[in-house]
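Undergrad: Sending over a structure as structure tokens; questions will come in a sec.
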Amino acid sequence: MNDKALGLSPELLDYLCANSLREPELLQQLREETAKLPASLMQIAPDQGQFMAWLVKAIGAKRTLDIGVFTGYSSLVVALALPEGGQVVACDRDPKATEIARRYWQMAGVADRIDFRLAPALDTLDRLLADGQRDRFDFAFIDADKSNYVNYYERCLQLVRPGGTIAIDNVLWSGRVADPTDTDKSTEAIRAFNAKLYADDRIDLSLLPIADGLTLARRR
Ligand code: CA
């Protein structure tokens with residue numbers, strides 16, 4: 001079932017999921033369909049999805065950003081957690097994976113809550129800023145190309161209102177960030193990103209060891 005949790009034994013992760021995971025059937029189906037794809041590791045873990053839904057409800061989010069849609073799990077889990085009139089602006093440039101995403105959004109009956117923008121996410125975020133959307137979002141999830149994490153973050157920090165939350169995925173990068181011999185481009189980008197947020201006094205910071213590492217940045 002769920003095999004993504006750094007530092008938890010498989011037995012303990014099974015226990016955690018058996019005693020807390022309440023994954024809707026459609027999300028489970030989406031996860032199983034995605035698991036057949038070569039890039040299936042890009043999908044978020046279900047316990048992480050449930051946490052994000054919990055968080056979105058806890059902060060009373062209405063308008064959210066999803067940067068890196070892939071097959072749509074994160075957009076869908078957040079859209080299902082939003083109140084009536086809620087909206088996810090979902091950004092991705094991959095027409096093929098997002099075809100699956102759009103099919104599941106339809107089946108779940110939340111397609112009208114998801115404003116999908118098929119374009120490079122930086123273009124979409126810049127467009128939103130140019131359109132006067134500064135401070136208009138409550139929550140953002142960043143899970144796309146790691147070399148642009150800093151750029152996505154800087155834009156989200158303007159688009160999310162003070163008190164809003166930005167969640168950033170893969171910040172522990174399978175543990176590779178702590179291996180000094182790993183100088184891969186994405187590893188270096190995540191390391192630099194983590195160091196930047198640690199020193200950033202515009203946010204309240206928490207790095208959770210859930211799934212592949214999830215940073216929460218609350219805009220002050
Ligand atoms: Ca990810």
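Ordering of the structure tokens sets the chain letters (A, B, ...), residue numbers begin anew at 1 in every chain, and ligands are numbered from 1 in the order given.
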Which residues form the shell of 10 Å around ligand 1 when you count only C-alpha atoms and all ligand atoms, given as a PDB file with N, CA and C atoms, in the first residue's frame?
TA:
ATOM      1  N   LEU A  41       6.605   7.462  -8.603  1.00  0.00           N
ATOM      2  CA  LEU A  41       7.161   7.963  -7.342  1.00  0.00           C
ATOM      3  C   LEU A  41       6.850   9.440  -7.108  1.00  0.00           C
ATOM      4  N   MET A  42       6.420  10.121  -8.174  1.00  0.00           N
ATOM      5  CA  MET A  42       6.094  11.540  -8.036  1.00  0.00           C
ATOM      6  C   MET A  42       4.786  11.757  -7.289  1.00  0.00           C
ATOM      7  N   GLN A  43       4.049  10.697  -7.061  1.00  0.00           N
ATOM      8  CA  GLN A  43       2.764  10.842  -6.369  1.00  0.00           C
ATOM      9  C   GLN A  43       2.969  10.967  -4.859  1.00  0.00           C
ATOM     10  N   ILE A  44       2.190  11.819  -4.239  1.00  0.00           N
ATOM     11  CA  ILE A  44       2.336  11.977  -2.787  1.00  0.00           C
ATOM     12  C   ILE A  44       1.758  10.761  -2.064  1.00  0.00           C
ATOM     13  N   ALA A  45       2.231  10.550  -0.838  1.00  0.00           N
ATOM     14  CA  ALA A  45       1.767   9.433  -0.031  1.00  0.00           C
ATOM     15  C   ALA A  45       0.364   9.732   0.511  1.00  0.00           C
ATOM     16  N   GLY A  68       2.531  21.700  -9.532  1.00  0.00           N
ATOM     17  CA  GLY A  68       2.967  20.338  -9.855  1.00  0.00           C
ATOM     18  C   GLY A  68       1.802  19.380  -9.642  1.00  0.00           C
ATOM     19  N   VAL A  69       0.987  19.219 -10.658  1.00  0.00           N
ATOM     20  CA  VAL A  69      -0.256  18.437 -10.535  1.00  0.00           C
ATOM     21  C   VAL A  69      -0.005  16.940 -10.700  1.00  0.00           C
ATOM     22  N   PHE A  70       0.817  16.594 -11.700  1.00  0.00           N
ATOM     23  CA  PHE A  70       1.045  15.191 -12.063  1.00  0.00           C
ATOM     24  C   PHE A  70      -0.313  14.508 -12.330  1.00  0.00           C
ATOM     25  N   SER A  74      -2.876  15.454  -5.240  1.00  0.00           N
ATOM     26  CA  SER A  74      -2.841  16.557  -4.260  1.00  0.00           C
ATOM     27  C   SER A  74      -3.948  17.571  -4.534  1.00  0.00           C
ATOM     28  N   PHE A 141       0.635  24.407  -2.261  1.00  0.00           N
ATOM     29  CA  PHE A 141       1.429  23.185  -2.181  1.00  0.00           C
ATOM     30  C   PHE A 141       2.408  23.187  -3.339  1.00  0.00           C
ATOM     31  N   ILE A 142       3.705  23.115  -3.014  1.00  0.00           N
ATOM     32  CA  ILE A 142       4.757  23.113  -4.039  1.00  0.00           C
ATOM     33  C   ILE A 142       5.333  21.713  -4.143  1.00  0.00           C
ATOM     34  N   ASP A 143       5.212  21.108  -5.320  1.00  0.00           N
ATOM     35  CA  ASP A 143       5.713  19.750  -5.558  1.00  0.00           C
ATOM     36  C   ASP A 143       6.005  19.605  -7.047  1.00  0.00           C
ATOM     37  N   ALA A 144       7.034  20.336  -7.501  1.00  0.00           N
ATOM     38  CA  ALA A 144       7.368  20.321  -8.928  1.00  0.00           C
ATOM     39  C   ALA A 144       8.890  20.240  -9.062  1.00  0.00           C
ATOM     40  N   ASP A 145       9.443  20.710 -10.186  1.00  0.00           N
ATOM     41  CA  ASP A 145      10.888  20.610 -10.413  1.00  0.00           C
ATOM     42  C   ASP A 145      11.651  21.340  -9.303  1.00  0.00           C
ATOM     43  N   LYS A 146      12.614  20.611  -8.721  1.00  0.00           N
ATOM     44  CA  LYS A 146      13.281  21.106  -7.511  1.00  0.00           C
ATOM     45  C   LYS A 146      14.154  22.338  -7.780  1.00  0.00           C
ATOM     46  N   ILE A 168       5.686  22.467   1.240  1.00  0.00           N
ATOM     47  CA  ILE A 168       6.661  22.128   0.204  1.00  0.00           C
ATOM     48  C   ILE A 168       7.085  20.670   0.367  1.00  0.00           C
ATOM     49  N   ASP A 169       6.976  19.911  -0.729  1.00  0.00           N
ATOM     50  CA  ASP A 169       7.196  18.464  -0.678  1.00  0.00           C
ATOM     51  C   ASP A 169       8.650  18.075  -0.979  1.00  0.00           C
ATOM     52  N   ASN A 170       9.016  16.880  -0.531  1.00  0.00           N
ATOM     53  CA  ASN A 170      10.313  16.245  -0.852  1.00  0.00           C
ATOM     54  C   ASN A 170      11.522  16.970  -0.264  1.00  0.00           C
ATOM     55  N   VAL A 171      11.335  17.677   0.837  1.00  0.00           N
ATOM     56  CA  VAL A 171      12.449  18.469   1.368  1.00  0.00           C
ATOM     57  C   VAL A 171      13.526  17.604   2.041  1.00  0.00           C
ATOM     58  N   TRP A 173      14.213  14.537   0.515  1.00  0.00           N
ATOM     59  CA  TRP A 173      14.761  13.943  -0.721  1.00  0.00           C
ATOM     60  C   TRP A 173      15.349  12.545  -0.487  1.00  0.00           C
ATOM     61  N   ALA A 211       6.248  11.293   5.062  1.00  0.00           N
ATOM     62  CA  ALA A 211       6.549  10.872   3.681  1.00  0.00           C
ATOM     63  C   ALA A 211       8.007  11.188   3.333  1.00  0.00           C
ATOM     64  N   ASP A 212       8.244  12.041   2.318  1.00  0.00           N
ATOM     65  CA  ASP A 212       9.605  12.364   1.894  1.00  0.00           C
ATOM     66  C   ASP A 212      10.060  13.710   2.465  1.00  0.00           C
ATOM     67  N   GLY A 213       9.406  14.152   3.549  1.00  0.00           N
ATOM     68  CA  GLY A 213       9.732  15.440   4.154  1.00  0.00           C
ATOM     69  C   GLY A 213       8.835  16.528   3.617  1.00  0.00           C
ATOM     70  N   LEU A 214       8.099  17.184   4.514  1.00  0.00           N
ATOM     71  CA  LEU A 214       7.153  18.230   4.121  1.00  0.00           C
ATOM     72  C   LEU A 214       7.409  19.452   4.993  1.00  0.00           C
TER      73      LEU A 214
END
Undergrad: Write down as a PyMOL selection string the residues of segment 34-189 of chain A whose backbone DSSP state falls under helix (DSSP H, G or I).
TA: chain A and resi 34-35+40-42+46-58+73-81+97-108+111-113+121-130+146-159+173-178+185-189
Undergrad: Considering only C-alpha atoms, return as a list in words whatever protein or nucleic-acid residues lie within 8 Å of Gly85 of chain A, sequence-local ones (same chain, fewer than 3 positions apart) excluded.
TA: Lys62, Leu82 and Arg113 of chain A
Undergrad: Give me a file of those residues, with N, CA, C and O atoms, as a PDB file, in the first residue's frame.
TA:
ATOM      1  N   LYS A  62      -9.819  28.602   1.660  1.00  0.00           N
ATOM      2  CA  LYS A  62     -10.839  28.639   0.597  1.00  0.00           C
ATOM      3  C   LYS A  62     -10.197  28.634  -0.779  1.00  0.00           C
ATOM      4  O   LYS A  62     -10.648  27.977  -1.689  1.00  0.00           O
ATOM      5  N   LEU A  82     -12.085  21.433   0.681  1.00  0.00           N
ATOM      6  CA  LEU A  82     -12.468  22.846   0.656  1.00  0.00           C
ATOM      7  C   LEU A  82     -13.969  23.004   0.890  1.00  0.00           C
ATOM      8  O   LEU A  82     -14.749  22.123   0.554  1.00  0.00           O
ATOM      9  N   ARG A 113     -14.229  23.048  -9.024  1.00  0.00           N
ATOM     10  CA  ARG A 113     -13.449  23.725  -7.991  1.00  0.00           C
ATOM     11  C   ARG A 113     -11.979  23.844  -8.382  1.00  0.00           C
ATOM     12  O   ARG A 113     -11.201  24.439  -7.648  1.00  0.00           O
TER      13      ARG A 113
END
Undergrad: Residues at most 8 Å from segment 24-34 of chain A, counting only C-alpha atoms, excluding those fewer than 3 positions away in the same chain, as a PyMOL selection string?
TA: chain A and resi 37+40+43+71+73+76-77+104+108
Undergrad: Work out how far atom CA of Gln106 of chain A is from atom CA of Arg22 of chain A, in Å to one decimal.
TA: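 Separation of atom CA of Arg22 of chain A and atom CA of Gln106 of chain A: 20.9 Å.
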Undergrad: Write out as a VMD selection string each polymer residue whose atoms come within 12 Å of Phe116 of chain A, counting only C-alpha atoms; drop sequence neighbours fewer than 2 positions from it.
TA: chain A and resid 64 to 70 72 75 to 76 87 to 95 98 to 99 101 to 102 105 110 to 114 118 to 121 124
Undergrad: Can you list, as a list in words, all residues belonging to segment 30-136 of chain A that DSSP tags as strand (DSSP E or B)?
TA: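 Here are the strand (DSSP E or B) residues of segment 30-136 of chain A: Arg63, Thr64, Leu65, Asp66, Ile67, Gln87, Val88, Val89, Ala90, Cys91, Asp92, Ile114, Asp115, Phe116, Arg117 and Leu118 of chain A.
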Undergrad: Write the residues of the preceding selection, restricted to N, CA, C and O atoms, as a PDB file, in the first residue's frame.
TA:
ATOM      1  N   ARG A  63      -9.121  29.390  -0.917  1.00  0.00           N
ATOM      2  CA  ARG A  63      -8.440  29.456  -2.222  1.00  0.00           C
ATOM      3  C   ARG A  63      -7.030  28.896  -2.059  1.00  0.00           C
ATOM      4  O   ARG A  63      -6.289  29.320  -1.175  1.00  0.00           O
ATOM      5  N   THR A  64      -6.669  27.953  -2.939  1.00  0.00           N
ATOM      6  CA  THR A  64      -5.375  27.290  -2.798  1.00  0.00           C
ATOM      7  C   THR A  64      -4.673  27.176  -4.147  1.00  0.00           C
ATOM      8  O   THR A  64      -5.295  27.245  -5.200  1.00  0.00           O
ATOM      9  N   LEU A  65      -3.360  26.965  -4.057  1.00  0.00           N
ATOM     10  CA  LEU A  65      -2.528  26.753  -5.247  1.00  0.00           C
ATOM     11  C   LEU A  65      -1.928  25.357  -5.192  1.00  0.00           C
ATOM     12  O   LEU A  65      -1.491  24.906  -4.125  1.00  0.00           O
ATOM     13  N   ASP A  66      -1.897  24.666  -6.326  1.00  0.00           N
ATOM     14  CA  ASP A  66      -1.247  23.364  -6.415  1.00  0.00           C
ATOM     15  C   ASP A  66      -0.210  23.447  -7.531  1.00  0.00           C
ATOM     16  O   ASP A  66      -0.568  23.540  -8.715  1.00  0.00           O
ATOM     17  N   ILE A  67       1.055  23.443  -7.151  1.00  0.00           N
ATOM     18  CA  ILE A  67       2.127  23.628  -8.135  1.00  0.00           C
ATOM     19  C   ILE A  67       2.805  22.289  -8.378  1.00  0.00           C
ATOM     20  O   ILE A  67       3.521  21.777  -7.519  1.00  0.00           O
ATOM     21  N   GLN A  87     -11.616  26.973  -4.149  1.00  0.00           N
ATOM     22  CA  GLN A  87     -10.967  26.863  -5.453  1.00  0.00           C
ATOM     23  C   GLN A  87      -9.500  26.464  -5.325  1.00  0.00           C
ATOM     24  O   GLN A  87      -8.785  26.950  -4.458  1.00  0.00           O
ATOM     25  N   VAL A  88      -9.098  25.540  -6.211  1.00  0.00           N
ATOM     26  CA  VAL A  88      -7.691  25.171  -6.349  1.00  0.00           C
ATOM     27  C   VAL A  88      -7.225  25.684  -7.715  1.00  0.00           C
ATOM     28  O   VAL A  88      -7.821  25.321  -8.730  1.00  0.00           O
ATOM     29  N   VAL A  89      -6.196  26.515  -7.746  1.00  0.00           N
ATOM     30  CA  VAL A  89      -5.561  26.836  -9.020  1.00  0.00           C
ATOM     31  C   VAL A  89      -4.417  25.838  -9.188  1.00  0.00           C
ATOM     32  O   VAL A  89      -3.459  25.830  -8.417  1.00  0.00           O
ATOM     33  N   ALA A  90      -4.553  24.964 -10.188  1.00  0.00           N
ATOM     34  CA  ALA A  90      -3.639  23.834 -10.353  1.00  0.00           C
ATOM     35  C   ALA A  90      -2.730  24.076 -11.557  1.00  0.00           C
ATOM     36  O   ALA A  90      -3.207  24.338 -12.660  1.00  0.00           O
ATOM     37  N   CYS A  91      -1.413  23.994 -11.326  1.00  0.00           N
ATOM     38  CA  CYS A  91      -0.432  24.345 -12.353  1.00  0.00           C
ATOM     39  C   CYS A  91       0.397  23.129 -12.766  1.00  0.00           C
ATOM     40  O   CYS A  91       1.016  22.485 -11.910  1.00  0.00           O
ATOM     41  N   ASP A  92       0.438  22.865 -14.069  1.00  0.00           N
ATOM     42  CA  ASP A  92       1.326  21.820 -14.580  1.00  0.00           C
ATOM     43  C   ASP A  92       1.465  21.986 -16.082  1.00  0.00           C
ATOM     44  O   ASP A  92       0.546  22.464 -16.748  1.00  0.00           O
ATOM     45  N   ILE A 114     -11.592  23.198  -9.478  1.00  0.00           N
ATOM     46  CA  ILE A 114     -10.179  23.169  -9.846  1.00  0.00           C
ATOM     47  C   ILE A 114      -9.965  23.937 -11.146  1.00  0.00           C
ATOM     48  O   ILE A 114     -10.472  23.562 -12.200  1.00  0.00           O
ATOM     49  N   ASP A 115      -9.246  25.036 -11.033  1.00  0.00           N
ATOM     50  CA  ASP A 115      -8.928  25.898 -12.170  1.00  0.00           C
ATOM     51  C   ASP A 115      -7.564  25.446 -12.690  1.00  0.00           C
ATOM     52  O   ASP A 115      -6.532  25.829 -12.147  1.00  0.00           O
ATOM     53  N   PHE A 116      -7.580  24.602 -13.718  1.00  0.00           N
ATOM     54  CA  PHE A 116      -6.345  23.983 -14.196  1.00  0.00           C
ATOM     55  C   PHE A 116      -5.666  24.863 -15.237  1.00  0.00           C
ATOM     56  O   PHE A 116      -6.301  25.274 -16.205  1.00  0.00           O
ATOM     57  N   ARG A 117      -4.382  25.145 -15.033  1.00  0.00           N
ATOM     58  CA  ARG A 117      -3.610  25.962 -15.977  1.00  0.00           C
ATOM     59  C   ARG A 117      -2.481  25.116 -16.558  1.00  0.00           C
ATOM     60  O   ARG A 117      -1.506  24.827 -15.857  1.00  0.00           O
ATOM     61  N   LEU A 118      -2.655  24.731 -17.819  1.00  0.00           N
ATOM     62  CA  LEU A 118      -1.645  23.925 -18.514  1.00  0.00           C
ATOM     63  C   LEU A 118      -0.567  24.866 -19.066  1.00  0.00           C
ATOM     64  O   LEU A 118      -0.713  25.407 -20.170  1.00  0.00           O
TER      65      LEU A 118
END
Undergrad: Which of these residues is nearest to Ile190 of chain A, using only C-alpha atoms: A:Phe139, A:Tyr15, A:Tyr149, A:Trp54?
TA: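 For Ile190 of chain A, the nearest of the candidates is A:Tyr149.
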Undergrad: Which residue out of A:Arg176, A:Arg127, A:Arg202, A:Lys196 has the minimum interatomic distance to Arg219 of chain A when only C-alpha atoms are used?
TA: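 Closest to Arg219 of chain A of all the choices is A:Arg202.
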Undergrad: Just the residues within 12 Å of Ile166 of chain A, please, counting only C-alpha atoms, with nothing from its chain fewer than 2 positions along; format it as number ranges by chain.
TA: A: 52, 55-56, 59, 61, 64-67, 137-143, 149, 152-164, 168-169, 197, 203-207, 214-220
Undergrad: Using Å and a single decimal, report how far atom CA of Pro46 of chain A sits from atom CA of Gly7 of chain A.
TA: 16.7 Å
Undergrad: Quick one, how far is atom CA of Ala18 of chain A from atom CA of Pro209 of chain A?
TA: 19.0 Å
